[in-house]
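Engineer: Starting off with a structure, shown below.
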Amino acid sequence: MTRTKRVALIIAVAGSLLYVCSYLNTPETWESHNKKGVKAFEESRYAEAEKHLVQAFELVEKLPLNDRRLYFSLYQLAEIYRVQSKFAEADRILGRILEIDEKILGAAHPNVAFALNNLAVNDRLRGKYEEAEVLLKRALAILEKSLGKEHVLVGNILEHYAYLLHKMGRSTEAQEMERRFQAIFSAQDIENH
Amino acid sequence: MSGGMEMLKLLYIAMGPGIAIAVFIYHSNKLGREPGRLVLKSFFLGGLAVFPTYYFEGVAQEILGLQADESSPFFWLKTIFYAFFCVALAEELCKFLFLKAFIFDEREFNEPFDGIIYGGMVGCGFATVENIMYVLPSGQAVGIFRMLTAVPGHAFFGIILGYFMGRAKFSLNGARHLIHGLVVVVILHGLYDTAAFSNARWSIYLIFAIIFLGIYLGLKAKRELEKLATVIEFSAKQYFPLKGHRKKVPLYLRDIRCLLSKGKLVPDDSLIDKKSGKIKSVREIFSAKIISQYKGLPKTPFSGMPVKLFLIFYQMTFGLYLYFWFLGNYRDFTSYKKLKLNPELLALGLFVFTILPYFVYGVIKKKLLLTGAGGPVADALLDLFVAAIESAFLYYQFQMFSGFLKKKLKKSFSVSIIILSFFVLSGLRKVLLPTIPFYIFWEMVLILTQGGVLAFVQRDLNLYWKLENERNIH
């Protein structure tokens, strides 16, 4: 056997064995679970996506509240539950996001308003219109105070509120909200042009 | 789609292109077939080379800390170093080493062109195994992207490496050719990987440019050694061996090749030129210098391509074989009829004109979407436009064939019917929405039907070449 052949053989055998060992010993990470979860989600395999996203969440559950991975995992979980119409589970997760935002950013931060809006969407989808309205009113108050009454994000919440009011059969109030958010959006359009 | 079906589909996407290019390379030797055992061995060696290199790359990645973010001041330095020395060099060196250790000294590696076959096989084996490792966890989109980039890249880098291996085995300064080959493929591969790892916006253009360059150089190398193989097959030069019982029997180059494969001669053996009386080793006799005899040889016979094989290629490459087929047909006619055409440029034109509109449209669409324009109708119109471009390129090629075929065949294919059917099928395939049930099944059916339409042309071409060969023999 020539020297080249011996070297090639050693590389082939040892390298392959080392690769197989490293492959078998690779632990699942938050990233790998997330990657698999997102892929399954994109391919509409929701049950599988949920399994991976829950596993990813469990790996970061005990991390400090300001860790972006925890935040990311919570949002992913809320989305996968919502897509599968598991509204009670989604509610639990969205509630946790709200808690974290309130603790870290303070109750008057715009992010708290978005968390409230997400909870309101979930309640609306469950048919709990009254609870959704309470949450939206809180969100609106926070945004109007922090960003001003004419801000485009206030317009977005108003749009959602108007839609909810229509669902509740309160058309007059809904039209009032519609007038408000349309005025905000038109002003925004003029500004952009 | 169930998990099992999904896995099968991904396996098909991952393995199909590599195997198809391997079959294409195997059948590209028109003057003879290499032994299947050695061809398969090369393919598996290429696949095996993935594991040690991946282990090395993983270790190198950890040491270099490439997970660091792109804003790090050493990001580019680390990326270039990793791409060239940890990935390109490791992968190409491993392929090179396996080729050199397990294939290079085989008796059946008995002419320079064999390097193209075995090198290409190692490249395809590597591409196939690597593709499985990428596509199964990452999905269809990655598979389709790699089908256009990494798979042909590895296959043609393998061909380039094989070209230098073939030259090295049959020349007096083999080491120089070996180093030259390794340097060329490491540079090409390193540039490709730098672009791929950089995540920069422009990287996609560089990736495609490197792949084009790799394919171009690979085809050029293949063409050159094809000429050399033709010279070996048909040259009238004769030599006397210096040893053995055949000392008084003059040998043609093809006889020398045959004796090499039987082990009765080795590349270092010397022979005497019957005409000049000069003593030369087999290495010198089979060196690239003999290409100069090519022009004086009879016209190269073409064997065409079995229709079944054509359909397999077409199906397994998801229709991408069209470009190679288009190029091959132009090459055969250009060389046989001494036409003043540039087949490579025409094939490149077909490729660019069928890819470019999507890039341009993508850029325009981004802007249009902001104003609310664009949408499924515009997408479908673009698909039909590209199908029309494809059909136009084929139309001009088939018109040319038709002119030649009509003189030889009683009844040849109808250009207008073939082109119209091709356009309809190509358009349908392009506008097919991935959201429809059993999408992959319908796509496969359309590809097969499209290949079936072109198979009529292939059938007539086979008949034509058969008649031409018979005429040349008589």
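Naming works like this for the structure tokens: A, B, ... for the chains as they're shown, residue 1 at the start of each chain, ligands 1 onward in shown order.
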What are the closest atom pairs, with distances in Å to one decimal, for each residue of chain A lying within 12 Å of chain B, using only C-alpha atoms, rows by chain and rising residue number, as JSON lines?
Structural biologist:
```
{"residue": "A:Met1", "atom": "CA", "partner": "B:Ala101", "partner_atom": "CA", "distance": 9.6}
{"residue": "A:Thr2", "atom": "CA", "partner": "B:Ala101", "partner_atom": "CA", "distance": 8.0}
{"residue": "A:Arg3", "atom": "CA", "partner": "B:Ala101", "partner_atom": "CA", "distance": 8.7}
{"residue": "A:Thr4", "atom": "CA", "partner": "B:Ala101", "partner_atom": "CA", "distance": 5.5}
{"residue": "A:Lys5", "atom": "CA", "partner": "B:Ala101", "partner_atom": "CA", "distance": 4.6}
{"residue": "A:Arg6", "atom": "CA", "partner": "B:Ala101", "partner_atom": "CA", "distance": 8.2}
{"residue": "A:Val7", "atom": "CA", "partner": "B:Leu97", "partner_atom": "CA", "distance": 8.5}
{"residue": "A:Ala8", "atom": "CA", "partner": "B:Phe98", "partner_atom": "CA", "distance": 6.0}
{"residue": "A:Leu9", "atom": "CA", "partner": "B:Phe98", "partner_atom": "CA", "distance": 8.3}
{"residue": "A:Ile10", "atom": "CA", "partner": "B:Pro52", "partner_atom": "CA", "distance": 10.0}
{"residue": "A:Ile11", "atom": "CA", "partner": "B:Pro52", "partner_atom": "CA", "distance": 6.6}
{"residue": "A:Ala12", "atom": "CA", "partner": "B:Pro52", "partner_atom": "CA", "distance": 6.3}
{"residue": "A:Val13", "atom": "CA", "partner": "B:Pro52", "partner_atom": "CA", "distance": 8.1}
{"residue": "A:Ala14", "atom": "CA", "partner": "B:Pro52", "partner_atom": "CA", "distance": 7.5}
{"residue": "A:Gly15", "atom": "CA", "partner": "B:Pro52", "partner_atom": "CA", "distance": 3.8}
{"residue": "A:Ser16", "atom": "CA", "partner": "B:Phe51", "partner_atom": "CA", "distance": 4.8}
{"residue": "A:Leu17", "atom": "CA", "partner": "B:Pro52", "partner_atom": "CA", "distance": 8.2}
{"residue": "A:Leu18", "atom": "CA", "partner": "B:Tyr55", "partner_atom": "CA", "distance": 6.7}
{"residue": "A:Tyr19", "atom": "CA", "partner": "B:Tyr55", "partner_atom": "CA", "distance": 4.9}
{"residue": "A:Val20", "atom": "CA", "partner": "B:Phe51", "partner_atom": "CA", "distance": 7.9}
{"residue": "A:Cys21", "atom": "CA", "partner": "B:Tyr55", "partner_atom": "CA", "distance": 9.6}
{"residue": "A:Ser22", "atom": "CA", "partner": "B:Tyr55", "partner_atom": "CA", "distance": 7.7}
{"residue": "A:Tyr23", "atom": "CA", "partner": "B:Tyr55", "partner_atom": "CA", "distance": 9.0}
{"residue": "A:Thr26", "atom": "CA", "partner": "B:Gly58", "partner_atom": "CA", "distance": 11.5}
{"residue": "A:Ser32", "atom": "CA", "partner": "B:Pro137", "partner_atom": "CA", "distance": 10.0}
{"residue": "A:His33", "atom": "CA", "partner": "B:Pro137", "partner_atom": "CA", "distance": 11.4}
{"residue": "A:Lys35", "atom": "CA", "partner": "B:Ser138", "partner_atom": "CA", "distance": 8.6}
{"residue": "A:Lys36", "atom": "CA", "partner": "B:Pro137", "partner_atom": "CA", "distance": 7.7}
{"residue": "A:Gly37", "atom": "CA", "partner": "B:Pro137", "partner_atom": "CA", "distance": 11.3}
{"residue": "A:Val38", "atom": "CA", "partner": "B:Ser138", "partner_atom": "CA", "distance": 10.5}
{"residue": "A:Lys39", "atom": "CA", "partner": "B:Ser138", "partner_atom": "CA", "distance": 7.5}
{"residue": "A:Ala40", "atom": "CA", "partner": "B:Gly139", "partner_atom": "CA", "distance": 9.7}
{"residue": "A:Glu42", "atom": "CA", "partner": "B:Gly139", "partner_atom": "CA", "distance": 10.3}
{"residue": "A:Glu43", "atom": "CA", "partner": "B:Gly139", "partner_atom": "CA", "distance": 9.3}
{"residue": "A:Ser44", "atom": "CA", "partner": "B:Met1", "partner_atom": "CA", "distance": 9.9}
{"residue": "A:Arg45", "atom": "CA", "partner": "B:Gly3", "partner_atom": "CA", "distance": 9.3}
{"residue": "A:Glu48", "atom": "CA", "partner": "B:Gly3", "partner_atom": "CA", "distance": 10.3}
```
Engineer: Could you take the residues named above and write them with C-alpha atoms, as a PDB file, in the first residue's frame?
Structural biologist:
```pdb
ATOM      1  CA  MET A   1       0.000   0.000   0.000  1.00  0.00           C
ATOM      2  CA  THR A   2       1.448   3.370  -0.985  1.00  0.00           C
ATOM      3  CA  ARG A   3       1.886   6.180   1.501  1.00  0.00           C
ATOM      4  CA  THR A   4      -0.798   8.293  -0.221  1.00  0.00           C
ATOM      5  CA  LYS A   5      -3.233   5.409   0.059  1.00  0.00           C
ATOM      6  CA  ARG A   6      -2.481   4.963   3.765  1.00  0.00           C
ATOM      7  CA  VAL A   7      -2.971   8.677   4.468  1.00  0.00           C
ATOM      8  CA  ALA A   8      -6.224   8.737   2.473  1.00  0.00           C
ATOM      9  CA  LEU A   9      -7.493   5.667   4.268  1.00  0.00           C
ATOM     10  CA  ILE A  10      -6.716   7.101   7.702  1.00  0.00           C
ATOM     11  CA  ILE A  11      -8.417  10.391   6.792  1.00  0.00           C
ATOM     12  CA  ALA A  12     -11.458   8.599   5.399  1.00  0.00           C
ATOM     13  CA  VAL A  13     -11.948   6.279   8.376  1.00  0.00           C
ATOM     14  CA  ALA A  14     -10.912   8.562  11.222  1.00  0.00           C
ATOM     15  CA  GLY A  15     -12.627  11.623   9.744  1.00  0.00           C
ATOM     16  CA  SER A  16     -15.881   9.775   9.137  1.00  0.00           C
ATOM     17  CA  LEU A  17     -15.888   8.269  12.635  1.00  0.00           C
ATOM     18  CA  LEU A  18     -15.184  11.631  14.239  1.00  0.00           C
ATOM     19  CA  TYR A  19     -17.951  13.202  12.187  1.00  0.00           C
ATOM     20  CA  VAL A  20     -20.487  10.519  13.152  1.00  0.00           C
ATOM     21  CA  CYS A  21     -19.528  10.851  16.858  1.00  0.00           C
ATOM     22  CA  SER A  22     -19.843  14.633  16.778  1.00  0.00           C
ATOM     23  CA  TYR A  23     -23.160  14.358  14.910  1.00  0.00           C
ATOM     24  CA  THR A  26     -24.778  17.301  19.124  1.00  0.00           C
ATOM     25  CA  SER A  32     -32.105  24.158  16.235  1.00  0.00           C
ATOM     26  CA  HIS A  33     -35.547  23.688  17.820  1.00  0.00           C
ATOM     27  CA  LYS A  35     -35.315  26.415  13.075  1.00  0.00           C
ATOM     28  CA  LYS A  36     -37.243  23.154  12.916  1.00  0.00           C
ATOM     29  CA  GLY A  37     -40.323  24.805  14.395  1.00  0.00           C
ATOM     30  CA  VAL A  38     -40.264  27.703  11.921  1.00  0.00           C
ATOM     31  CA  LYS A  39     -39.744  25.320   9.011  1.00  0.00           C
ATOM     32  CA  ALA A  40     -42.645  23.117  10.102  1.00  0.00           C
ATOM     33  CA  GLU A  42     -43.952  27.495   7.076  1.00  0.00           C
ATOM     34  CA  GLU A  43     -44.942  24.123   5.707  1.00  0.00           C
ATOM     35  CA  SER A  44     -48.212  24.179   7.694  1.00  0.00           C
ATOM     36  CA  ARG A  45     -47.192  21.221   9.904  1.00  0.00           C
ATOM     37  CA  GLU A  48     -44.840  19.476  14.757  1.00  0.00           C
TER      38      GLU A  48
END
```
Engineer: Near B:Leu10, within 7 Å and counting only C-alpha atoms, which residues show up once chain neighbours fewer than 2 positions away are dropped, as a VMD selection string?
Structural biologist: chain B and resid 6 to 8 12 to 14 135 to 136 139 to 140
Engineer: Can you list, as a ChimeraX atom specification, every protein, DNA or RNA residue that comes within 10 Å of stretch 76-84 of chain A when you count only C-alpha atoms, leaving out same-chain residues fewer than 5 positions away?
Structural biologist: /A:34,37-38,41,44,46-47,49-54,56-57,70-71,89-95,97,118-119,121-122,125
Engineer: Produce a file of the selected residues containing C-alpha atoms, as a PDB file, in the first residue's frame.
Structural biologist:
```pdb
ATOM      1  CA  ASN A  34     -36.587  27.099  16.586  1.00  0.00           C
ATOM      2  CA  GLY A  37     -40.323  24.805  14.395  1.00  0.00           C
ATOM      3  CA  VAL A  38     -40.264  27.703  11.921  1.00  0.00           C
ATOM      4  CA  PHE A  41     -44.750  26.253  10.584  1.00  0.00           C
ATOM      5  CA  SER A  44     -48.212  24.179   7.694  1.00  0.00           C
ATOM      6  CA  TYR A  46     -48.520  23.004  12.953  1.00  0.00           C
ATOM      7  CA  ALA A  47     -48.507  20.143  15.485  1.00  0.00           C
ATOM      8  CA  ALA A  49     -44.065  23.185  14.823  1.00  0.00           C
ATOM      9  CA  GLU A  50     -45.753  23.488  18.231  1.00  0.00           C
ATOM     10  CA  LYS A  51     -43.695  20.586  19.593  1.00  0.00           C
ATOM     11  CA  HIS A  52     -40.402  22.216  18.543  1.00  0.00           C
ATOM     12  CA  LEU A  53     -41.382  25.704  19.637  1.00  0.00           C
ATOM     13  CA  VAL A  54     -42.452  24.411  23.070  1.00  0.00           C
ATOM     14  CA  ALA A  56     -37.287  25.797  22.365  1.00  0.00           C
ATOM     15  CA  PHE A  57     -39.290  27.761  24.940  1.00  0.00           C
ATOM     16  CA  LEU A  70     -37.381  34.205  25.773  1.00  0.00           C
ATOM     17  CA  TYR A  71     -39.344  37.036  24.213  1.00  0.00           C
ATOM     18  CA  GLU A  89     -53.145  28.638  25.449  1.00  0.00           C
ATOM     19  CA  ALA A  90     -52.436  31.711  23.313  1.00  0.00           C
ATOM     20  CA  ASP A  91     -54.099  33.853  26.007  1.00  0.00           C
ATOM     21  CA  ARG A  92     -51.820  32.405  28.683  1.00  0.00           C
ATOM     22  CA  ILE A  93     -48.719  33.173  26.618  1.00  0.00           C
ATOM     23  CA  LEU A  94     -49.851  36.664  25.577  1.00  0.00           C
ATOM     24  CA  GLY A  95     -50.611  37.370  29.242  1.00  0.00           C
ATOM     25  CA  ILE A  97     -45.674  38.723  27.417  1.00  0.00           C
ATOM     26  CA  ASN A 118     -52.484  41.243  20.857  1.00  0.00           C
ATOM     27  CA  LEU A 119     -54.468  39.996  23.832  1.00  0.00           C
ATOM     28  CA  VAL A 121     -57.166  40.198  19.112  1.00  0.00           C
ATOM     29  CA  ASN A 122     -57.108  36.838  20.848  1.00  0.00           C
ATOM     30  CA  LEU A 125     -61.267  35.686  18.035  1.00  0.00           C
TER      31      LEU A 125
END
```
Engineer: Give me every helix (DSSP H, G or I) residue in stretch 194-324 of chain B, going by DSSP on the backbone, as a ChimeraX atom specification.
Structural biologist: /B:194-198,203-234,253-262,282-285,288-296,307-316,321-324
Engineer: By how many Å are atom CA of B:Ser281 and atom CA of B:Ile159 apart?
Structural biologist: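 Straight-line distance from atom CA of B:Ser281 to atom CA of B:Ile159 works out to 25.9 Å.
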Engineer: Show me, as a PyMOL selection string, the residues that have an atom within 10 Å of B:Ile447 when counting only C-alpha atoms, minus same-chain residues fewer than 3 positions from it.
Structural biologist: chain B and resi 311+314-320+425-426+429+441-444+450-453
Engineer: Using Å and a single decimal, report how far atom CA of B:Gly120 sits from atom CA of B:Lys308.
Structural biologist: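 We find that atom CA of B:Lys308 and atom CA of B:Gly120 lie 22.3 Å from each other.
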Engineer: Tell me which of B:Cys124, B:Val129, B:Val352, B:Ile364 sits closest to B:Ala20, counting only C-alpha atoms.
Structural biologist: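 Going through B:Cys124, B:Val129, B:Val352, B:Ile364 one by one, the smallest distance to B:Ala20 is for B:Cys124.
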Engineer: Expressed in Å to a single decimal, how great is the separation between atom CA of A:Ala108 and atom CA of A:Glu131?
Structural biologist: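 One can read the atom CA of A:Ala108 to atom CA of A:Glu131 distance as 19.7 Å.
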Engineer: Please give the complete set of residues from stretch 55-252 of chain B that DSSP, run on the backbone, assigns to strand (DSSP E), formatted as a PyMOL selection string.
Structural biologist: chain B and resi 238-241+251-252
Engineer: With N, CA and C atoms retained, write the just-selected residues as an mmCIF file, in the first residue's frame.
Structural biologist:
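Output (again-v3.cif):
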```cif
data_model
loop_
_atom_site.group_PDB
_atom_site.id
_atom_site.type_symbol
_atom_site.label_atom_id
_atom_site.label_comp_id
_atom_site.auth_asym_id
_atom_site.auth_seq_id
_atom_site.Cartn_x
_atom_site.Cartn_y
_atom_site.Cartn_z
ATOM 1 N N GLN B 238 2.070 4.713 -35.246
ATOM 2 C CA GLN B 238 2.342 3.382 -34.694
ATOM 3 C C GLN B 238 3.653 3.366 -33.904
ATOM 4 N N TYR B 239 3.696 2.513 -32.912
ATOM 5 C CA TYR B 239 4.877 2.401 -32.049
ATOM 6 C C TYR B 239 5.201 0.923 -31.816
ATOM 7 N N PHE B 240 6.483 0.673 -31.615
ATOM 8 C CA PHE B 240 6.898 -0.685 -31.235
ATOM 9 C C PHE B 240 7.257 -0.681 -29.746
ATOM 10 N N PRO B 241 6.777 -1.663 -29.002
ATOM 11 C CA PRO B 241 7.184 -1.715 -27.595
ATOM 12 C C PRO B 241 8.655 -2.132 -27.494
ATOM 13 N N LEU B 251 2.042 -0.951 -32.737
ATOM 14 C CA LEU B 251 0.809 -0.685 -31.970
ATOM 15 C C LEU B 251 0.263 0.693 -32.322
ATOM 16 N N TYR B 252 -1.047 0.754 -32.529
ATOM 17 C CA TYR B 252 -1.703 2.056 -32.655
ATOM 18 C C TYR B 252 -1.877 2.610 -31.236
#
```
Engineer: Pick from B:Ile312, B:Ala378, B:Gly47, B:Leu348: nearest to B:Leu448, with only C-alpha atoms counted?
Structural biologist: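 Ranking B:Ile312, B:Ala378, B:Gly47, B:Leu348 by distance to B:Leu448, first place goes to B:Ile312.
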Engineer: Would you list the contacts of stretch 262-279 of chain B as an NGL selection string, taking every protein, DNA or RNA residue within 10 Å and counting only C-alpha atoms, but skipping same-chain residues closer than 2 positions in sequence?
Structural biologist: :B and (105-108 or 110-111 or 169-172 or 237-244 or 247 or 250-251 or 256-260 or 281-286)
Engineer: Need the shell around B:Asn462: protein/DNA/RNA residues with any atom at most 12 Å away, counting only C-alpha atoms. Skip same-chain ones fewer than 5 positions apart. Format as a list in words?
Structural biologist: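 Here the qualifying residues turn out to be Pro301, Phe302, Ser303, Gly304, Met305, Pro306, Val307, Phe310, Asn329, Asp332, Phe401, Leu405, Lys408, Leu409, Ser412, Ala455, Phe456, Val457, Leu467, Glu468 and Asn469 of chain B.
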Engineer: Compile the contact shell of stretch 202-218 of chain B as an MDAnalysis selection string: residues with an atom at most 9 Å away, counting only C-alpha atoms, same-chain residues fewer than 5 positions apart removed.
Structural biologist: chainID B and resid 116 148:150 152:161 163 185 188:189 191:197 223 344 348
